[in-house]
$ cat target.cif   # mmCIF, C-alpha atoms and all ligand atoms
data_start
#
loop_
_atom_site.label_atom_id
_atom_site.label_comp_id
_atom_site.auth_asym_id
_atom_site.auth_seq_id
_atom_site.Cartn_x
_atom_site.Cartn_y
_atom_site.Cartn_z
CA MET Y 61 -6.83 20.65 98.09
CA SER Y 62 -8.17 24.17 98.58
CA ASP Y 63 -9.88 25.26 101.78
CA VAL Y 64 -12.71 27.07 99.95
CA ALA Y 65 -15.74 25.58 98.23
CA PRO Y 66 -18.63 27.28 96.40
CA LEU Y 67 -21.47 28.31 98.74
CA ASP Y 68 -24.35 25.86 98.51
CA PRO Y 69 -26.91 27.32 98.15
CA PRO Y 70 -25.34 30.44 96.60
CA TYR Y 71 -26.24 33.98 97.68
CA ASP Y 72 -29.38 34.55 95.61
CA LEU Y 73 -29.42 37.82 93.66
CA THR Y 74 -33.07 37.44 92.64
CA GLY Y 75 -35.03 40.60 93.42
CA LYS Y 76 -32.06 42.14 95.24
CA ARG Y 77 -31.05 45.81 95.07
CA LEU Y 78 -27.31 46.04 94.39
CA TRP Y 79 -25.37 49.26 94.77
CA VAL Y 80 -22.32 49.46 92.52
CA ALA Y 81 -20.16 52.17 94.12
CA GLY Y 82 -17.82 53.65 91.48
CA HIS Y 83 -20.11 52.70 88.56
CA ARG Y 84 -18.47 55.20 86.20
CA GLY Y 85 -15.01 53.74 86.71
CA MET Y 86 -13.47 50.92 84.68
CA VAL Y 87 -14.32 48.13 87.14
CA GLY Y 88 -17.63 49.51 88.44
CA ALA Y 89 -18.96 50.01 84.90
CA ALA Y 90 -17.97 46.45 83.94
CA VAL Y 91 -19.67 45.08 87.08
CA ALA Y 92 -22.84 47.04 86.26
CA ARG Y 93 -22.78 45.65 82.68
CA ARG Y 94 -22.30 42.11 84.03
CA LEU Y 95 -25.14 42.51 86.55
CA ALA Y 96 -27.54 43.47 83.75
CA SER Y 97 -27.87 39.73 83.03
CA GLU Y 98 -28.76 38.90 86.67
CA PRO Y 99 -32.30 39.08 88.11
CA CYS Y 100 -31.45 42.05 90.35
CA GLU Y 101 -31.79 45.84 90.34
CA VAL Y 102 -28.61 47.94 90.12
CA VAL Y 103 -28.60 51.31 91.90
CA THR Y 104 -25.91 53.97 91.48
CA ALA Y 105 -25.12 57.57 92.46
CA GLY Y 106 -22.61 59.90 90.83
CA ARG Y 107 -19.79 61.57 92.72
CA GLU Y 108 -21.31 65.05 92.25
CA ARG Y 109 -24.09 63.93 94.56
CA LEU Y 110 -22.27 61.40 96.71
CA ASP Y 111 -18.65 61.96 97.72
CA LEU Y 112 -17.88 58.81 99.66
CA ARG Y 113 -15.07 60.51 101.59
CA ARG Y 114 -17.87 62.33 103.44
CA GLN Y 115 -19.37 60.11 106.12
CA ARG Y 116 -22.69 61.99 106.24
CA GLU Y 117 -23.22 61.66 102.49
CA ALA Y 118 -22.47 57.92 102.64
CA GLU Y 119 -24.90 57.44 105.55
CA ASP Y 120 -27.70 59.48 103.95
CA TRP Y 121 -27.36 57.63 100.64
CA MET Y 122 -27.35 54.23 102.34
CA ALA Y 123 -30.47 55.08 104.36
CA GLU Y 124 -32.22 56.21 101.18
CA ALA Y 125 -31.05 53.52 98.73
CA ARG Y 126 -31.26 50.60 101.22
CA PRO Y 127 -29.22 48.19 99.09
CA HIS Y 128 -29.25 44.48 99.90
CA ALA Y 129 -25.72 44.11 98.54
CA ILE Y 130 -22.81 46.37 97.57
CA VAL Y 131 -19.85 46.11 95.22
CA LEU Y 132 -17.38 48.70 96.50
CA ALA Y 133 -15.41 49.70 93.38
CA ALA Y 134 -15.10 53.41 94.26
CA ALA Y 135 -11.52 54.39 95.07
CA THR Y 136 -8.71 56.78 94.27
CA VAL Y 137 -6.83 54.68 91.69
CA GLY Y 138 -3.78 55.18 89.50
CA GLY Y 139 -0.54 53.82 88.12
CA ILE Y 140 2.92 53.83 89.62
CA LEU Y 141 3.60 57.57 89.11
CA ALA Y 142 0.21 58.71 90.46
CA ASN Y 143 0.73 56.52 93.52
CA GLN Y 144 4.20 57.92 94.10
CA SER Y 145 3.26 61.56 93.65
CA ARG Y 146 -0.06 61.68 95.57
CA PRO Y 147 0.51 59.55 98.71
CA ALA Y 148 -1.94 61.56 100.84
CA ASP Y 149 -4.80 61.16 98.34
CA PHE Y 150 -4.20 57.44 97.95
CA LEU Y 151 -4.05 56.83 101.69
CA HIS Y 152 -6.69 59.26 102.96
CA ASP Y 153 -9.32 58.92 100.23
CA ASN Y 154 -9.29 55.15 100.24
CA LEU Y 155 -9.35 54.84 104.03
CA ALA Y 156 -12.25 57.29 104.20
CA ILE Y 157 -14.27 55.63 101.42
CA GLU Y 158 -13.88 52.15 102.90
CA ALA Y 159 -14.60 53.20 106.49
CA ASN Y 160 -17.65 55.26 105.55
CA VAL Y 161 -19.23 52.69 103.24
CA ILE Y 162 -18.57 49.69 105.50
CA GLU Y 163 -19.85 51.37 108.67
CA ALA Y 164 -22.97 52.73 106.93
CA ALA Y 165 -23.61 49.32 105.32
CA ALA Y 166 -23.42 47.57 108.68
CA ARG Y 167 -25.82 50.09 110.21
CA VAL Y 168 -28.58 49.55 107.67
CA GLY Y 169 -28.14 45.76 107.63
CA VAL Y 170 -26.66 45.25 104.16
CA GLU Y 171 -26.59 41.47 103.54
CA LYS Y 172 -23.44 41.27 101.48
CA LEU Y 173 -20.59 43.62 100.61
CA LEU Y 174 -17.70 42.96 98.24
CA LEU Y 175 -14.67 45.22 98.68
CA LEU Y 176 -12.15 45.66 95.86
CA GLY Y 177 -8.53 45.59 96.99
CA SER Y 178 -5.47 45.04 94.83
CA SER Y 179 -2.49 42.70 94.47
CA CYS Y 180 -0.21 45.53 95.70
CA ILE Y 181 -1.23 44.65 99.29
CA TYR Y 182 1.37 41.89 99.33
CA PRO Y 183 5.00 42.27 100.45
CA ARG Y 184 7.39 43.40 97.71
CA GLU Y 185 9.47 40.24 98.10
CA ALA Y 186 6.56 37.79 98.53
CA ALA Y 187 7.17 34.23 97.31
CA GLN Y 188 5.69 33.70 93.83
CA PRO Y 189 2.97 32.86 92.97
CA ILE Y 190 1.54 34.87 95.87
CA ARG Y 191 -0.85 33.08 98.16
CA GLU Y 192 -3.40 35.02 100.18
CA GLU Y 193 -1.50 34.08 103.37
CA ALA Y 194 1.43 36.31 102.29
CA LEU Y 195 -0.47 39.37 103.56
CA LEU Y 196 1.49 41.26 106.26
CA THR Y 197 4.50 38.95 106.14
CA GLY Y 198 7.03 41.56 104.94
CA PRO Y 199 7.70 45.16 103.84
CA LEU Y 200 5.56 46.69 101.07
CA GLU Y 201 6.71 48.10 97.70
CA PRO Y 202 7.54 51.79 98.44
CA THR Y 203 5.94 53.20 95.26
CA ASN Y 204 2.48 52.13 96.39
CA GLU Y 205 2.64 51.53 100.12
CA TRP Y 206 0.13 54.33 100.86
CA TYR Y 207 -2.50 52.76 98.65
CA ALA Y 208 -1.61 49.27 99.90
CA ILE Y 209 -2.01 50.29 103.56
CA ALA Y 210 -5.48 51.67 102.80
CA LYS Y 211 -6.46 48.49 100.94
CA ILE Y 212 -5.14 46.30 103.78
CA ALA Y 213 -7.26 48.37 106.18
CA GLY Y 214 -10.25 47.62 103.92
CA ILE Y 215 -9.66 43.87 104.20
CA LYS Y 216 -9.34 44.20 107.95
CA LEU Y 217 -12.56 46.25 108.18
CA CYS Y 218 -14.45 43.48 106.38
CA GLN Y 219 -12.99 40.88 108.73
CA ALA Y 220 -13.66 42.99 111.83
CA TYR Y 221 -17.30 43.66 110.93
CA ARG Y 222 -17.76 39.94 110.21
CA ARG Y 223 -16.33 39.04 113.65
CA GLN Y 224 -17.98 41.74 115.71
CA HIS Y 225 -21.29 42.25 113.88
CA GLY Y 226 -21.74 39.01 111.90
CA ARG Y 227 -21.73 40.82 108.53
CA ASP Y 228 -21.07 38.92 105.31
CA PHE Y 229 -18.47 41.38 104.03
CA ILE Y 230 -15.85 39.86 101.71
CA SER Y 231 -12.88 41.19 99.77
CA ALA Y 232 -11.32 40.48 96.38
CA MET Y 233 -7.67 41.21 95.46
CA PRO Y 234 -7.50 41.53 91.67
CA THR Y 235 -4.24 41.59 89.80
CA ASN Y 236 -3.49 44.49 87.37
CA LEU Y 237 -6.61 45.18 85.29
CA TYR Y 238 -7.16 46.77 81.88
CA GLY Y 239 -9.97 47.15 79.37
CA PRO Y 240 -12.82 49.40 78.22
CA GLY Y 241 -13.24 52.51 80.38
CA ASP Y 242 -9.59 52.53 81.54
CA ASN Y 243 -7.78 55.78 82.34
CA PHE Y 244 -5.57 56.88 79.40
CA ASP Y 245 -4.13 59.98 81.10
CA PRO Y 246 -0.33 59.53 80.77
CA ARG Y 247 0.57 60.71 84.29
CA GLU Y 248 -2.29 58.90 86.07
CA SER Y 249 -2.65 55.69 84.07
CA HIS Y 250 -1.47 52.13 84.51
CA VAL Y 251 0.95 50.60 82.04
CA VAL Y 252 -1.51 49.08 79.53
CA PRO Y 253 -3.48 52.24 78.66
CA ALA Y 254 -0.27 54.33 78.86
CA LEU Y 255 1.63 52.23 76.33
CA MET Y 256 -1.39 51.64 74.14
CA ARG Y 257 -2.07 55.34 73.73
CA ARG Y 258 1.62 56.25 73.32
CA MET Y 259 2.15 53.62 70.63
CA LEU Y 260 -1.12 54.36 68.81
CA GLU Y 261 -0.23 58.05 68.62
CA ALA Y 262 3.34 57.24 67.54
CA ALA Y 263 2.02 54.95 64.78
CA GLU Y 264 -0.46 57.61 63.63
CA GLN Y 265 2.19 60.34 63.59
CA GLY Y 266 4.85 58.18 61.95
CA GLU Y 267 7.24 58.41 64.92
CA SER Y 268 10.06 55.88 64.96
CA ARG Y 269 10.54 55.45 68.71
CA VAL Y 270 8.51 55.19 71.91
CA THR Y 271 9.76 55.18 75.49
CA VAL Y 272 8.69 52.68 78.12
CA TRP Y 273 9.29 53.51 81.81
CA GLY Y 274 11.80 51.52 83.82
CA THR Y 275 13.99 48.61 82.73
CA GLY Y 276 11.24 46.51 81.12
CA ARG Y 277 12.25 43.64 83.41
CA PRO Y 278 9.45 43.72 86.04
CA ARG Y 279 6.84 41.03 85.55
CA ARG Y 280 3.09 41.70 85.77
CA GLU Y 281 -0.11 39.68 85.46
CA PHE Y 282 -3.02 41.27 83.58
CA LEU Y 283 -6.74 40.44 83.77
CA TYR Y 284 -9.29 41.80 81.31
CA VAL Y 285 -11.85 43.89 83.20
CA GLU Y 286 -14.91 42.07 81.79
CA ASP Y 287 -13.45 38.80 83.15
CA CYS Y 288 -12.78 40.52 86.46
CA ALA Y 289 -16.41 41.67 86.66
CA ASP Y 290 -17.56 38.11 86.00
CA ALA Y 291 -15.25 36.83 88.75
CA LEU Y 292 -16.61 39.43 91.20
CA VAL Y 293 -20.24 38.47 90.53
CA HIS Y 294 -19.22 34.82 90.93
CA MET Y 295 -17.63 35.68 94.29
CA LEU Y 296 -20.74 37.56 95.43
CA LYS Y 297 -22.83 34.48 94.78
CA TYR Y 298 -20.47 31.70 95.78
CA TYR Y 299 -18.11 33.01 98.46
CA SER Y 300 -18.46 33.86 102.10
CA GLY Y 301 -15.47 34.00 104.42
CA GLU Y 302 -12.86 36.07 106.25
CA MET Y 303 -10.03 35.37 103.85
CA HIS Y 304 -9.55 37.88 101.03
CA LEU Y 305 -9.40 36.08 97.66
CA ASN Y 306 -6.96 36.62 94.78
CA VAL Y 307 -8.49 37.31 91.36
CA GLY Y 308 -6.23 36.80 88.36
CA THR Y 309 -5.05 34.63 85.51
CA GLY Y 310 -2.07 32.93 87.17
CA GLU Y 311 0.16 33.97 84.22
CA ASP Y 312 2.55 36.89 83.85
CA LEU Y 313 5.03 38.45 81.42
CA THR Y 314 7.73 41.12 81.49
CA ILE Y 315 6.92 44.75 80.76
CA ALA Y 316 9.22 44.50 77.71
CA GLU Y 317 7.13 41.55 76.42
CA LEU Y 318 3.94 43.46 77.13
CA ALA Y 319 5.28 46.47 75.21
CA ARG Y 320 6.04 44.27 72.17
CA LEU Y 321 2.55 42.75 72.32
CA ILE Y 322 0.88 46.18 72.52
CA ALA Y 323 3.06 47.37 69.59
CA LYS Y 324 1.80 44.42 67.54
CA VAL Y 325 -1.84 45.06 68.50
CA VAL Y 326 -1.75 48.78 67.61
CA GLY Y 327 0.55 48.41 64.56
CA PHE Y 328 3.57 50.31 65.93
CA GLU Y 329 6.71 49.08 64.16
CA GLY Y 330 9.35 51.48 65.52
CA GLU Y 331 11.93 51.15 68.26
CA ILE Y 332 10.97 50.52 71.91
CA ALA Y 333 13.36 52.35 74.29
CA PHE Y 334 13.52 52.13 78.09
CA ASP Y 335 13.79 55.12 80.45
CA THR Y 336 15.59 53.67 83.45
CA SER Y 337 15.21 56.91 85.39
CA MET Y 338 11.56 55.95 85.88
CA PRO Y 339 10.56 53.48 88.64
CA ASP Y 340 10.17 49.75 88.05
CA GLY Y 341 8.07 49.18 91.17
CA THR Y 342 7.51 45.62 92.39
CA PRO Y 343 9.81 43.16 90.57
CA ARG Y 344 7.04 40.57 90.25
CA LYS Y 345 3.49 40.01 91.53
CA LEU Y 346 2.01 36.84 90.17
CA LEU Y 347 -1.07 35.67 92.05
CA ASP Y 348 -1.76 32.14 93.19
CA VAL Y 349 -5.33 31.62 91.97
CA SER Y 350 -5.98 28.18 93.52
CA ARG Y 351 -8.83 29.44 95.69
CA GLN Y 352 -10.46 31.24 92.74
CA THR Y 353 -10.25 27.99 90.75
CA ALA Y 354 -11.67 25.99 93.67
CA LEU Y 355 -14.66 28.37 93.73
CA GLY Y 356 -15.35 27.33 90.14
CA TRP Y 357 -14.19 30.41 88.21
CA ARG Y 358 -11.51 30.91 85.58
CA PRO Y 359 -10.79 33.73 83.09
CA ARG Y 360 -11.81 33.47 79.43
CA THR Y 361 -10.01 36.28 77.60
CA THR Y 362 -6.41 35.95 76.41
CA LEU Y 363 -4.16 38.98 76.89
CA GLU Y 364 -3.91 39.57 73.15
CA ASP Y 365 -7.70 39.42 72.66
CA GLY Y 366 -8.24 41.71 75.63
CA LEU Y 367 -5.71 44.22 74.30
CA ARG Y 368 -7.44 44.19 70.89
CA ALA Y 369 -10.82 44.85 72.52
CA THR Y 370 -9.31 47.66 74.61
CA ARG Y 371 -7.73 49.23 71.51
CA ASP Y 372 -11.08 49.08 69.69
CA TRP Y 373 -12.86 50.67 72.67
CA PHE Y 374 -10.29 53.48 72.85
CA LEU Y 375 -10.50 54.19 69.12
CA ARG Y 376 -14.31 54.38 69.31
CA ASN Y 377 -14.33 56.51 72.49
CA ARG Y 378 -11.40 58.87 72.18
CA ASP Y 379 -13.62 61.89 72.74
CA ARG Y 380 -14.92 60.63 76.09
CA ALA Y 381 -12.01 58.49 77.37
CA ARG Y 382 -9.99 59.85 80.29
CA THR Y 383 -6.87 61.20 78.57
CA GLY Y 384 -5.94 64.13 80.83
CA ALA Y 385 -6.68 66.50 77.93
N1 LIG Y 401 -7.26 49.34 87.64
C1 LIG Y 401 -6.58 48.33 88.14
O1 LIG Y 401 -5.57 47.85 87.55
C2 LIG Y 401 -7.00 47.71 89.43
C3 LIG Y 401 -8.06 48.19 90.17
N2 LIG Y 401 -8.39 47.59 91.37
C4 LIG Y 401 -9.45 48.12 92.22
O2 LIG Y 401 -10.68 48.21 91.54
C5 LIG Y 401 -11.44 49.33 92.03
C6 LIG Y 401 -11.88 50.18 90.86
O3 LIG Y 401 -10.74 50.60 90.12
P1 LIG Y 401 -10.88 51.21 88.66
O4 LIG Y 401 -12.24 50.97 88.14
O5 LIG Y 401 -9.69 50.79 87.91
O6 LIG Y 401 -10.71 52.77 88.97
P2 LIG Y 401 -11.39 54.02 88.22
O7 LIG Y 401 -10.54 55.19 88.53
O8 LIG Y 401 -11.64 53.67 86.81
O9 LIG Y 401 -12.79 54.15 88.95
C7 LIG Y 401 -12.89 54.58 90.28
C8 LIG Y 401 -14.32 54.99 90.55
O10 LIG Y 401 -14.41 55.42 91.91
C9 LIG Y 401 -15.16 56.62 91.95
N3 LIG Y 401 -14.72 57.44 93.07
C10 LIG Y 401 -13.46 57.82 93.36
N4 LIG Y 401 -13.45 58.60 94.46
C11 LIG Y 401 -14.75 58.72 94.85
C12 LIG Y 401 -15.38 59.42 95.92
N5 LIG Y 401 -14.69 60.14 96.79
N6 LIG Y 401 -16.72 59.32 96.02
C13 LIG Y 401 -17.44 58.60 95.15
N7 LIG Y 401 -16.89 57.92 94.11
C14 LIG Y 401 -15.55 57.98 93.97
C15 LIG Y 401 -14.85 57.31 90.64
O11 LIG Y 401 -15.88 58.26 90.39
P3 LIG Y 401 -15.80 59.34 89.19
O12 LIG Y 401 -16.11 58.54 87.97
O13 LIG Y 401 -16.82 60.31 89.55
O14 LIG Y 401 -14.39 59.86 89.21
C16 LIG Y 401 -14.85 56.12 89.69
O15 LIG Y 401 -16.15 55.83 89.28
C17 LIG Y 401 -10.54 50.07 93.02
O16 LIG Y 401 -10.86 49.69 94.34
C18 LIG Y 401 -9.15 49.55 92.68
O17 LIG Y 401 -8.34 49.52 93.80
C19 LIG Y 401 -7.73 46.49 91.82
C20 LIG Y 401 -6.69 45.95 91.10
C21 LIG Y 401 -6.22 46.54 89.87
C1 LIG Y 402 -2.63 47.85 89.86
C2 LIG Y 402 -1.42 48.39 90.57
O1 LIG Y 402 -0.86 49.47 89.84
C3 LIG Y 402 0.29 50.10 90.41
O2 LIG Y 402 1.39 49.26 90.39
P1 LIG Y 402 2.14 48.76 89.12
O3 LIG Y 402 1.81 47.35 88.85
O4 LIG Y 402 3.58 49.06 89.30
O5 LIG Y 402 1.44 49.64 87.99
P2 LIG Y 402 1.70 50.33 86.62
O6 LIG Y 402 0.73 49.74 85.68
O7 LIG Y 402 1.68 51.80 86.77
O8 LIG Y 402 3.19 49.90 86.18
C4 LIG Y 402 3.53 48.57 85.88
C5 LIG Y 402 4.94 48.49 85.34
O9 LIG Y 402 4.94 49.09 84.03
C6 LIG Y 402 6.00 50.01 83.91
N1 LIG Y 402 5.68 51.02 82.90
C7 LIG Y 402 6.36 51.16 81.72
N2 LIG Y 402 5.89 52.20 81.04
C8 LIG Y 402 4.88 52.73 81.78
C9 LIG Y 402 4.03 53.82 81.57
O10 LIG Y 402 4.11 54.54 80.58
N3 LIG Y 402 3.09 54.05 82.53
C10 LIG Y 402 2.97 53.27 83.64
N4 LIG Y 402 2.01 53.56 84.54
N5 LIG Y 402 3.82 52.22 83.88
C11 LIG Y 402 4.75 51.96 82.95
C12 LIG Y 402 6.17 50.57 85.32
O11 LIG Y 402 7.42 51.17 85.47
C13 LIG Y 402 5.98 49.28 86.15
O12 LIG Y 402 7.19 48.55 86.17
C14 LIG Y 402 0.18 50.40 91.87
O13 LIG Y 402 0.78 51.65 92.08
C15 LIG Y 402 -1.12 50.10 92.43
O14 LIG Y 402 -1.99 51.15 92.11
C16 LIG Y 402 -1.74 48.83 91.95
O15 LIG Y 402 -2.44 48.18 92.66
#

$ encode --input "target.cif" --output "structure tokens"
Amino acid sequence: MSDVAPLDPPYDLTGKRLWVAGHRGMVGAAVARRLASEPCEVVTAGRERLDLRRQREAEDWMAEARPHAIVLAAATVGGILANQSRPADFLHDNLAIEANVIEAAARVGVEKLLLLGSSCIYPREAAQPIREEALLTGPLEPTNEWYAIAKIAGIKLCQAYRRQHGRDFISAMPTNLYGPGDNFDPRESHVVPALMRRMLEAAEQGESRVTVWGTGRPRREFLYVEDCADALVHMLKYYSGEMHLNVGTGEDLTIAELARLIAKVVGFEGEIAFDTSMPDGTPRKLLDVSRQTALGWRPRTTLEDGLRATRDWFLRNRDRARTGA
């Protein structure tokens, strides 16, 4: 038995103004696409006008836009190497964005706010599958502790504003995501876009070998971003509570298995080598998705189908995808 049940009646999006913060990013763009089929208005502002690390800019925008609800998908985001090499950016930027948006939202009386966290908030050695209660029960994974601390602070801000000011601010902890709009820059990216691009280019150039970072033994769970966006909209409508909620598939695989699947999807037939001088990161982070299931949501896209759709998006959008070029 789960301790969550869908809100009845749900939070009604009809006629509401929803601000998607981070609408040009992979998740924010998918949320904006998903909201197009809801009876609400989506408002957005680009970073050139609104840098959410600046409190004044966040406050001025909130006073002007007056959203009823917010999906906070703006963040400094990156894969294992980006996290390791830019600890100050990952800690400072994310703390500042969360604090500024949440405080400004509370001031103007925003009805509902959904904060995006990440499965890296959990202890490195958490029991698998990871239940929400594992938060703050042990040491974090060193490669991403800076980012994790900021995301944990975000969860706590939502809880604190709920307790002190009665705000319906909730938080979602998605597993590793991938899909259209992902970052394909090799130093910044997560594993799916990194390997997809490396293997596509190797196949195109007739290379016989690609290198995968680490031992290939860590296990990861991957959720297609369009499914994630659907889960987030479901949460907005059907969830209210202090507890952060896991968002995932409940299934994982090793990085070596993922590499073989990506090779199949992009048509790379050469050798897959492992560079063990690169970090493995967390050995495993499989989410327990019982609460998500109890809320009435489950994912639709298989990993192989999602990888095919991501490949097709990348091939169609090479000129505008983030590649670090
Ligand atoms: N990708 C993943 O695997 C996972 C992501 N998440 C979470 O989902 C959320 C979105 O991630 P994702 O879409 O992958 O990341 P992206 O890097 O694709 O998008 C991040 C977005 O945030 C915006 N942004 C960053 N800094 C600022 C700032 N200072 N002011 C205003 N806007 C800013 C970016 O704007 P611009 O376009 O101008 O750069 C961009 O639109 C994050 O909170 C992340 O933690 C959670 C689990 C896994
Ligand atoms: C979503 C999550 O993302 C980050 O954590 P992570 O799960 O470790 O993310 P990752 O996708 O970068 O790596 C997954 C695994 O894959 C291996 N791997 C192989 N080859 C490549 C490769 O070429 N690039 C990358 N990036 N990883 C590779 C890599 O060594 C690791 O074992 C957090 O920092 C944090 O930001 C967070 O929340």

$ residues_near_ligand --input "target.cif" --ligand "ligand LIG 402 (chain Y)" --cutoff "7 Å" --atoms "all atoms listed in the file" --output "PyMOL selection string"
chain Y and resi 137-141+143+178-180+203-204+207+235-237+246+249-252+254-255+272-274+276+278+280+315+338-342

$ closest_atom_pairs --input "target.cif" --of "stretch 119-146 of chain Y" --to "stretch 289-304 of chain Y" --cutoff "12 Å" --atoms "all atoms listed in the file" --output "CSV"
residue,atom,partner,partner_atom,distance
Y:His128,CA,Y:Leu296,CA,11.8
Y:Ala129,CA,Y:Leu296,CA,8.8
Y:Ile130,CA,Y:Leu296,CA,9.3
Y:Val131,CA,Y:Leu292,CA,8.4
Y:Leu132,CA,Y:Leu292,CA,10.7
Y:Ala133,CA,Y:Ala289,CA,10.5

$ closest_residue --input "target.cif" --among "Y:Leu73, Y:Met259, Y:Ala81, Y:Ile181" --to "ligand LIG 401 (chain Y)" --atoms "all atoms listed in the file"
Y:Ala81

$ closest_residue --input "target.cif" --among "Y:Gly310, Y:Gly226, Y:Pro99, Y:Gly214" --to "ligand LIG 401 (chain Y)" --atoms "only C-alpha atoms and all ligand atoms"
Y:Gly214

$ closest_residue --input "target.cif" --among "Y:Cys288, Y:Cys100, Y:Met256, Y:Ala123" --to "ligand LIG 401 (chain Y)" --atoms "all atoms listed in the file"
Y:Cys288

$ closest_atom_pairs --input "target.cif" --of "chain Y" --to "ligand LIG 401 (chain Y)" --cutoff "8 Å" --atoms "only C-alpha atoms and all ligand atoms" --output "CSV"
residue,atom,partner,partner_atom,distance
Y:Ala81,CA,Y:LIG401,N7,6.6
Y:Gly82,CA,Y:LIG401,O15,3.5
Y:His83,CA,Y:LIG401,O15,5.1
Y:Arg84,CA,Y:LIG401,O15,3.9
Y:Gly85,CA,Y:LIG401,O9,3.2
Y:Met86,CA,Y:LIG401,O4,3.7
Y:Val87,CA,Y:LIG401,O4,3.7
Y:Gly88,CA,Y:LIG401,O4,5.6
Y:Ala89,CA,Y:LIG401,O4,7.5
Y:Gly106,CA,Y:LIG401,O13,5.9
Y:Arg107,CA,Y:LIG401,C13,4.5
Y:Glu108,CA,Y:LIG401,O13,7.1
Y:Leu110,CA,Y:LIG401,C13,5.8
Y:Asp111,CA,Y:LIG401,N6,3.7
Y:Leu112,CA,Y:LIG401,N6,3.9
Y:Arg113,CA,Y:LIG401,N5,4.8
Y:Arg114,CA,Y:LIG401,N5,7.7
Y:Leu132,CA,Y:LIG401,O16,6.9
Y:Ala133,CA,Y:LIG401,C5,4.2
Y:Ala134,CA,Y:LIG401,O10,3.2
Y:Ala135,CA,Y:LIG401,C10,4.3
Y:Thr136,CA,Y:LIG401,C10,4.9
Y:Val137,CA,Y:LIG401,O7,4.9
Y:Gly138,CA,Y:LIG401,O7,6.8
Y:Gly139,CA,Y:LIG401,O1,7.8
Y:Asp153,CA,Y:LIG401,N5,6.5
Y:Asn154,CA,Y:LIG401,N4,7.9
Y:Ile157,CA,Y:LIG401,N5,6.5
Y:Leu175,CA,Y:LIG401,O16,7.3
Y:Leu176,CA,Y:LIG401,O16,4.5
Y:Gly177,CA,Y:LIG401,O17,5.1
Y:Ser178,CA,Y:LIG401,C20,4.0
Y:Ser179,CA,Y:LIG401,C20,6.3
Y:Cys180,CA,Y:LIG401,C20,8.0
Y:Lys211,CA,Y:LIG401,O17,7.5
Y:Met233,CA,Y:LIG401,C19,6.4
Y:Pro234,CA,Y:LIG401,C20,4.5
Y:Thr235,CA,Y:LIG401,C20,5.2
Y:Asn236,CA,Y:LIG401,O1,4.0
Y:Leu237,CA,Y:LIG401,O1,3.6
Y:Tyr238,CA,Y:LIG401,O1,6.0
Y:Gly241,CA,Y:LIG401,O8,6.7
Y:Asp242,CA,Y:LIG401,O8,5.8
Y:Asn243,CA,Y:LIG401,O8,6.3
Y:His250,CA,Y:LIG401,O1,6.7

$ closest_residue --input "target.cif" --among "Y:Glu281, Y:Arg146, Y:Ala156, Y:Ala333" --to "Y:Ala213" --atoms "all atoms listed in the file"
Y:Ala156

$ residues_near_point --input "target.cif" --point "(-21.4, 59.0, 105.0)" --cutoff "12 Å" --atoms "only C-alpha atoms" --output "MDAnalysis selection string"
chainID Y and resid 109:124 156:165 167

$ write_last_selection --input "target.cif" --atoms "C-alpha atoms" --output "PDB file, in the frame of the given file"
ATOM      1  CA  ARG Y 109     -24.090  63.930  94.560  1.00  0.00           C
ATOM      2  CA  LEU Y 110     -22.270  61.400  96.710  1.00  0.00           C
ATOM      3  CA  ASP Y 111     -18.650  61.960  97.720  1.00  0.00           C
ATOM      4  CA  LEU Y 112     -17.880  58.810  99.660  1.00  0.00           C
ATOM      5  CA  ARG Y 113     -15.070  60.510 101.590  1.00  0.00           C
ATOM      6  CA  ARG Y 114     -17.870  62.330 103.440  1.00  0.00           C
ATOM      7  CA  GLN Y 115     -19.370  60.110 106.120  1.00  0.00           C
ATOM      8  CA  ARG Y 116     -22.690  61.990 106.240  1.00  0.00           C
ATOM      9  CA  GLU Y 117     -23.220  61.660 102.490  1.00  0.00           C
ATOM     10  CA  ALA Y 118     -22.470  57.920 102.640  1.00  0.00           C
ATOM     11  CA  GLU Y 119     -24.900  57.440 105.550  1.00  0.00           C
ATOM     12  CA  ASP Y 120     -27.700  59.480 103.950  1.00  0.00           C
ATOM     13  CA  TRP Y 121     -27.360  57.630 100.640  1.00  0.00           C
ATOM     14  CA  MET Y 122     -27.350  54.230 102.340  1.00  0.00           C
ATOM     15  CA  ALA Y 123     -30.470  55.080 104.360  1.00  0.00           C
ATOM     16  CA  GLU Y 124     -32.220  56.210 101.180  1.00  0.00           C
ATOM     17  CA  ALA Y 156     -12.250  57.290 104.200  1.00  0.00           C
ATOM     18  CA  ILE Y 157     -14.270  55.630 101.420  1.00  0.00           C
ATOM     19  CA  GLU Y 158     -13.880  52.150 102.900  1.00  0.00           C
ATOM     20  CA  ALA Y 159     -14.600  53.200 106.490  1.00  0.00           C
ATOM     21  CA  ASN Y 160     -17.650  55.260 105.550  1.00  0.00           C
ATOM     22  CA  VAL Y 161     -19.230  52.690 103.240  1.00  0.00           C
ATOM     23  CA  ILE Y 162     -18.570  49.690 105.500  1.00  0.00           C
ATOM     24  CA  GLU Y 163     -19.850  51.370 108.670  1.00  0.00           C
ATOM     25  CA  ALA Y 164     -22.970  52.730 106.930  1.00  0.00           C
ATOM     26  CA  ALA Y 165     -23.610  49.320 105.320  1.00  0.00           C
ATOM     27  CA  ARG Y 167     -25.820  50.090 110.210  1.00  0.00           C
TER      28      ARG Y 167
END

$ residues_around --input "target.cif" --residues "Y:Asp312" --least-positions-apart "2" --cutoff "10 Å" --atoms "only C-alpha atoms" --output "VMD selection string"
chain Y and resid 189 278 to 283 308 to 310 314 to 315 317 to 318 344 to 347 363
